[in-house]
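Have a look at the structure below, then the notes.
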Amino acid sequence: MCHDAAFLVVADGRGVLHCNDARLTAAQARRARHLAGGRLDLMALQTSGASWHPICYEYPAEEMAKVATDKRVSKLRAAQRLVRQTEPELAVPFAGPPCFLDDEVRHLNWVLGQKDGAFCDPEVATEWLREHLPRQRFDHFLPGDAVDLDSGEVVRDPVSAAFSFADADRPAYLERYAADRAAHIAAATAEHPEPGPGLFDRFTAHFERLGGLSDYFLRQIAMLVRFEITGPHGGVWDVDFAPDGLAVREAAPGARPHYRITTAGRWLDAVLSGRLAWEDLLISFRLSLYRDPDVYNDYLVGLLKHANAPALSAVEEYETGRDESERITVDWGGGRYDIPRYCPHAGEDLSIGAVVRNGQVHCLAHNFAFDLATGACVNARAANLTSRRVG
Ligand code: FES
């Protein structure tokens with residue numbers, strides 16, 4: 001089950017905080033503990049992020065291994081920090097990892113590797129967290145397991161007890177699982193037939209509409225995005241997000257895209273007709289992505305995700321009207337820097353939700369890093385930090 005918000009249940013004097021998919025800050029988690037009467041009996045947290053990066057990206061093998069490991073470790077570290085700062089009685093890695101049953105995406109099951117996969121299963125996550133926070137109690141659960149919050153006793157479900165995440169057991173399990181779901185997968189595919197003629201025209205109209213929603217987003221995106229659409233009526237099409245407007249055209253030889261999105265016409269058609277949101281397509285992993293330079297563009301994803309004028313202008317208002325009067329000072333390399341207390345991206349409290357290393361402020365909410373000397377966001381196309389050296 002996925003939630004975009006944490007929820008707190010307080011009943012019979014017990015407090016349970018479920019923060020899967022919620023990116024809770026330490027301050028918010030502590031506040032939840034306070035609301036629960038100063039004690040959290042169980043805290044469920046996400047250690048396996050549902051993200052198409054780096055899984056859907058066309059990285060060379062070596063780079064993929066590095067990016068995937070970084071991603072996995074940074075997710076575990078974030079969970080570790082949150083648990084350390086919240087101190088629940090029992091912390092439980094919850095949800096994930098995903099697995100892929102359909103032939104179109106089955107090759108992605110490498111992400112489940114217990115040593116080097118991008119996604120951590122709850123067994124591996126629990127082990128890692130126990131090692132890094134030895135005084136904290138961790139456990140993980142499978143369907144049907146029960147925990148008694150009064151006594152701490154755990155009763156395992158006998159059917160689930162036969163299940164294992166181990167690498168050696170996985171292929172046979174996935175085979176059985178895929179066979180079991182084959183009819184559902186076939187039905188879902190049948191609901192998305194190959195597109196009819198005129199796909200390029202529908203594509204053009206869709207992006208022209210998106211391009212008219214926000215000049216601010218167009219200016220911030222400022223790049224050429226290439227779509228390689230496979231299957232009937234597909235093609236290679238460029239969308240030029242330029243500050244003075246958006247243009248859609250057949251890809252011209254020699255034009256160098258900064259971003260490339262490859263997907264099947266049947267999925268694109270579902271987006272164009274409104275049956276699927278861009279975010280659904282991204283999270284379905286039924287596409288492959290490439291970017292050069294390898295920098296996340298928060299605005300491109302934001303435009304595709306929100307795709308409506310009021311939401312985009314709310315982001316613009318937030319970013320251009322930020323109150324940065326509350327400031328903090330951080331030290332690095334013998335210098336002192338004055339920076340805003342709240343992250344320019346989505347407002348994380350940097351006084352407790354950031355670390356400073358290598359001359360950069362790393363915001364722990366979404367891992368954007370800002371150069372202290374210039375304030376520039378170094379790993380994403382996103383708003384900058386106003387940083388001033390003061391000593
Ligand atoms: S709030 Fe998202 S990176 Fe800081």
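FYI, nothing fancy with the structure tokens labels: chains A, B, ... in order, residues from 1 per chain, ligands from 1 as they appear.
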
Contacts of A:Val92 at 10 Å or less, counting only C-alpha atoms, minus same-chain residues fewer than 2 places along, as number ranges by chain?
A: 18, 42-47, 83, 88, 90, 94-95, 122, 125-126, 129, 137-141

Within 8 Å of ligand 1 (only C-alpha atoms and all ligand atoms), residues as a list in words
Tyr342, Cys343, Pro344, His345, Ala346, Gly347, Glu348, Asp349, Leu350, His362, Cys363, Leu364, Ala365, His366, Asn367, Phe368 and Ala369 of chain A

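Between A:Leu24 and the candidates A:Leu282, A:Ile55, A:Ile261, A:Ala6, the tightest atom-to-atom separation, counting only C-alpha atoms, involves A:Ala6.
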
Residue set, stretch 259-363 of chain A restricted to strand (DSSP E or B), as an NGL selection string:
:A and (259-264 or 287-291 or 296-297 or 327-332 or 335-340 or 342 or 349 or 354-357 or 360-363)

Any chance you could list, as a PyMOL selection string, the residues in stretch 30-168 of chain A that come up alpha helix (DSSP H) when DSSP is run on the backbone?
chain A and resi 30-35+61-86+122-132

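Shortest atom-to-atom contact with A:Gly152 among A:Asp238, A:Asp280, A:Glu89, A:Asp215: A:Glu89, counting only C-alpha atoms.
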
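Nearest to A:Arg72 of all the residues A:His184, A:Lys115, A:Arg291, A:Arg327 is A:Lys115, based on only C-alpha atoms.
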
Give me, as a VMD selection string, all polymer residues having an atom no more than 10 Å from A:Glu191, counting only C-alpha atoms and skipping those fewer than 6 positions away in the same chain.
chain A and resid 185 266 270

Top pick for closest residue to A:Thr329, considering A:Val390, A:Val10, A:Arg176, A:Asn308 and counting only C-alpha atoms:
A:Val390

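For the choices A:Asp12, A:Asp103, A:Glu316, A:Glu127, the atom-to-atom distance to A:Leu174 is smallest for A:Asp103 when using only C-alpha atoms.
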
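The interatomic distance for the pair atom CA of A:Leu101 and atom CA of A:Asn20 works out to 23.3 Å.
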
With only C-alpha atoms as the counted atoms, please give the residues lying no more than 10 Å from A:Leu268, apart from itself and same-chain residues fewer than 2 positions off, as a PDB file with N, CA and C atoms, in the first residue's frame.
ATOM      1  N   HIS A 192      -4.675  -1.180 -23.050  1.00  0.00           N
ATOM      2  CA  HIS A 192      -3.841  -0.145 -23.670  1.00  0.00           C
ATOM      3  C   HIS A 192      -3.391  -0.632 -25.033  1.00  0.00           C
ATOM      4  N   GLU A 194      -2.365  -0.716 -29.114  1.00  0.00           N
ATOM      5  CA  GLU A 194      -1.452   0.122 -29.903  1.00  0.00           C
ATOM      6  C   GLU A 194      -2.206   1.367 -30.369  1.00  0.00           C
ATOM      7  N   PRO A 195      -1.521   2.483 -30.462  1.00  0.00           N
ATOM      8  CA  PRO A 195      -2.218   3.721 -30.848  1.00  0.00           C
ATOM      9  C   PRO A 195      -2.608   3.730 -32.325  1.00  0.00           C
ATOM     10  N   LEU A 199      -0.580   9.979 -33.915  1.00  0.00           N
ATOM     11  CA  LEU A 199       0.026  10.055 -32.584  1.00  0.00           C
ATOM     12  C   LEU A 199       0.892  11.313 -32.435  1.00  0.00           C
ATOM     13  N   ARG A 202      -1.238  14.353 -31.786  1.00  0.00           N
ATOM     14  CA  ARG A 202      -1.760  14.380 -30.409  1.00  0.00           C
ATOM     15  C   ARG A 202      -0.645  14.734 -29.415  1.00  0.00           C
ATOM     16  N   PHE A 203       0.545  14.209 -29.715  1.00  0.00           N
ATOM     17  CA  PHE A 203       1.715  14.504 -28.890  1.00  0.00           C
ATOM     18  C   PHE A 203       2.009  16.017 -28.924  1.00  0.00           C
ATOM     19  N   PHE A 227      11.857  12.436 -27.408  1.00  0.00           N
ATOM     20  CA  PHE A 227      11.003  11.274 -27.144  1.00  0.00           C
ATOM     21  C   PHE A 227      11.203  10.262 -28.253  1.00  0.00           C
ATOM     22  N   ILE A 229       9.594   7.115 -29.513  1.00  0.00           N
ATOM     23  CA  ILE A 229       8.345   6.363 -29.300  1.00  0.00           C
ATOM     24  C   ILE A 229       8.355   5.140 -30.197  1.00  0.00           C
ATOM     25  N   THR A 230       8.326   3.980 -29.569  1.00  0.00           N
ATOM     26  CA  THR A 230       8.433   2.731 -30.323  1.00  0.00           C
ATOM     27  C   THR A 230       7.040   2.208 -30.691  1.00  0.00           C
ATOM     28  N   GLY A 234       4.846   5.433 -34.103  1.00  0.00           N
ATOM     29  CA  GLY A 234       5.846   6.086 -33.244  1.00  0.00           C
ATOM     30  C   GLY A 234       6.807   6.926 -34.078  1.00  0.00           C
ATOM     31  N   THR A 262      12.435   7.107 -23.768  1.00  0.00           N
ATOM     32  CA  THR A 262      12.025   6.081 -24.727  1.00  0.00           C
ATOM     33  C   THR A 262      10.881   5.274 -24.117  1.00  0.00           C
ATOM     34  N   THR A 263       9.795   5.191 -24.843  1.00  0.00           N
ATOM     35  CA  THR A 263       8.679   4.378 -24.342  1.00  0.00           C
ATOM     36  C   THR A 263       7.836   3.893 -25.527  1.00  0.00           C
ATOM     37  N   ALA A 264       6.936   2.979 -25.247  1.00  0.00           N
ATOM     38  CA  ALA A 264       6.092   2.435 -26.313  1.00  0.00           C
ATOM     39  C   ALA A 264       4.909   3.368 -26.577  1.00  0.00           C
ATOM     40  N   GLY A 265       4.482   3.402 -27.849  1.00  0.00           N
ATOM     41  CA  GLY A 265       3.366   4.267 -28.230  1.00  0.00           C
ATOM     42  C   GLY A 265       2.111   3.997 -27.411  1.00  0.00           C
ATOM     43  N   ARG A 266       1.889   2.738 -27.023  1.00  0.00           N
ATOM     44  CA  ARG A 266       0.648   2.416 -26.294  1.00  0.00           C
ATOM     45  C   ARG A 266       0.608   3.146 -24.942  1.00  0.00           C
ATOM     46  N   ALA A 270      -1.784   6.497 -23.826  1.00  0.00           N
ATOM     47  CA  ALA A 270      -2.592   6.535 -22.599  1.00  0.00           C
ATOM     48  C   ALA A 270      -2.398   7.866 -21.867  1.00  0.00           C
ATOM     49  N   VAL A 271      -1.172   8.401 -21.903  1.00  0.00           N
ATOM     50  CA  VAL A 271      -0.924   9.699 -21.260  1.00  0.00           C
ATOM     51  C   VAL A 271      -1.639  10.801 -22.046  1.00  0.00           C
ATOM     52  N   LEU A 272      -1.499  10.756 -23.365  1.00  0.00           N
ATOM     53  CA  LEU A 272      -2.083  11.821 -24.195  1.00  0.00           C
ATOM     54  C   LEU A 272      -3.600  11.852 -24.074  1.00  0.00           C
ATOM     55  N   SER A 273      -4.193  10.676 -23.874  1.00  0.00           N
ATOM     56  CA  SER A 273      -5.663  10.648 -23.801  1.00  0.00           C
ATOM     57  C   SER A 273      -6.145  10.840 -22.358  1.00  0.00           C
ATOM     58  N   GLY A 274      -5.211  11.028 -21.424  1.00  0.00           N
ATOM     59  CA  GLY A 274      -5.610  11.301 -20.042  1.00  0.00           C
ATOM     60  C   GLY A 274      -5.912  10.049 -19.227  1.00  0.00           C
ATOM     61  N   ARG A 275      -5.658   8.852 -19.797  1.00  0.00           N
ATOM     62  CA  ARG A 275      -5.923   7.628 -19.023  1.00  0.00           C
ATOM     63  C   ARG A 275      -4.801   7.341 -18.042  1.00  0.00           C
ATOM     64  N   LEU A 276      -3.673   7.954 -18.258  1.00  0.00           N
ATOM     65  CA  LEU A 276      -2.497   7.729 -17.419  1.00  0.00           C
ATOM     66  C   LEU A 276      -1.830   9.084 -17.192  1.00  0.00           C
ATOM     67  N   ALA A 277      -1.360   9.309 -15.969  1.00  0.00           N
ATOM     68  CA  ALA A 277      -0.596  10.543 -15.724  1.00  0.00           C
ATOM     69  C   ALA A 277       0.873  10.247 -16.032  1.00  0.00           C
ATOM     70  N   TRP A 278       1.634  11.302 -16.327  1.00  0.00           N
ATOM     71  CA  TRP A 278       3.069  11.094 -16.589  1.00  0.00           C
ATOM     72  C   TRP A 278       3.717  10.384 -15.416  1.00  0.00           C
ATOM     73  N   LEU A 281       3.195   6.744 -15.575  1.00  0.00           N
ATOM     74  CA  LEU A 281       4.054   6.102 -16.570  1.00  0.00           C
ATOM     75  C   LEU A 281       5.474   5.963 -16.015  1.00  0.00           C
ATOM     76  N   LEU A 287       9.653   2.648 -19.321  1.00  0.00           N
ATOM     77  CA  LEU A 287      10.319   3.606 -20.188  1.00  0.00           C
ATOM     78  C   LEU A 287      11.797   3.596 -19.847  1.00  0.00           C
TER      79      LEU A 287
END

Env of stretch 333-338 of chain A: 10 Å cut, atoms = only C-alpha atoms, seq-sep filter 3 positions within chain, self excluded. Answer as a CSV table (one decimal) with N, CA and C atoms, in the first residue's frame.
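Once everything was written out, this is out15.csv:
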chain,number,residue,atom,x,y,z
A,327,ARG,N,17.7,33.1,9.1
A,327,ARG,CA,19.0,32.6,8.5
A,327,ARG,C,19.8,31.8,9.6
A,328,ILE,N,20.7,31.0,9.1
A,328,ILE,CA,21.5,30.2,10.0
A,328,ILE,C,23.0,30.4,9.5
A,329,THR,N,23.9,30.0,10.4
A,329,THR,CA,25.3,30.1,10.0
A,329,THR,C,25.9,28.7,10.0
A,330,VAL,N,26.6,28.4,8.9
A,330,VAL,CA,27.3,27.1,8.9
A,330,VAL,C,28.8,27.3,8.7
A,341,ARG,N,17.5,29.4,6.6
A,341,ARG,CA,17.2,28.3,7.5
A,341,ARG,C,16.4,27.2,6.7
A,357,ARG,N,29.3,19.0,3.9
A,357,ARG,CA,30.5,18.3,3.6
A,357,ARG,C,31.0,18.7,2.2
A,358,ASN,N,32.3,18.7,2.0
A,358,ASN,CA,33.0,19.1,0.8
A,358,ASN,C,32.5,20.5,0.3
A,359,GLY,N,32.3,21.4,1.2
A,359,GLY,CA,31.9,22.7,0.8
A,359,GLY,C,30.5,22.8,0.3
A,372,LEU,N,28.4,26.0,-1.1
A,372,LEU,CA,28.3,27.2,-0.2
A,372,LEU,C,28.9,28.4,-0.8
A,373,ALA,N,29.9,28.3,-1.7
A,373,ALA,CA,30.5,29.5,-2.2
A,373,ALA,C,29.6,30.3,-3.1
A,386,THR,N,20.6,31.1,-1.2
A,386,THR,CA,21.3,32.4,-1.1
A,386,THR,C,22.4,32.2,0.0
A,387,SER,N,23.6,32.1,-0.4
A,387,SER,CA,24.7,31.8,0.6
A,387,SER,C,25.7,33.0,0.5
A,388,ARG,N,26.1,33.5,1.7
A,388,ARG,CA,27.0,34.6,1.8
A,388,ARG,C,28.1,34.2,2.8
A,389,ARG,N,29.4,34.4,2.4
A,389,ARG,CA,30.4,34.2,3.3
A,389,ARG,C,30.5,35.4,4.3
A,390,VAL,N,30.5,35.0,5.6
A,390,VAL,CA,30.5,36.1,6.6
A,390,VAL,C,31.7,36.1,7.5
A,391,GLY,N,32.6,35.2,7.3
A,391,GLY,CA,33.8,35.1,8.2
A,391,GLY,C,34.8,34.1,7.7

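The shell of residues at most 12 Å from A:Arg14, with only C-alpha atoms counted and near chain neighbours (fewer than 4 positions) removed, consists of Leu8, Val9, Val10, Arg33, Leu35, Ala36, Gly37, Gly38, Arg39, Leu40, Asp41, Leu42, Met43, Pro88, Glu89, Leu90, Asp148, Leu149, Asp150 and Ser151 of chain A.
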
Using only C-alpha atoms, which protein or nucleic acid residues come within 12 Å of A:Tyr299? Drop anything in the same chain fewer than 4 positions from it, and give the result as a ChimeraX atom specification.
/A:214-223,241,295,303-307,312,315-316,319,345,380-383
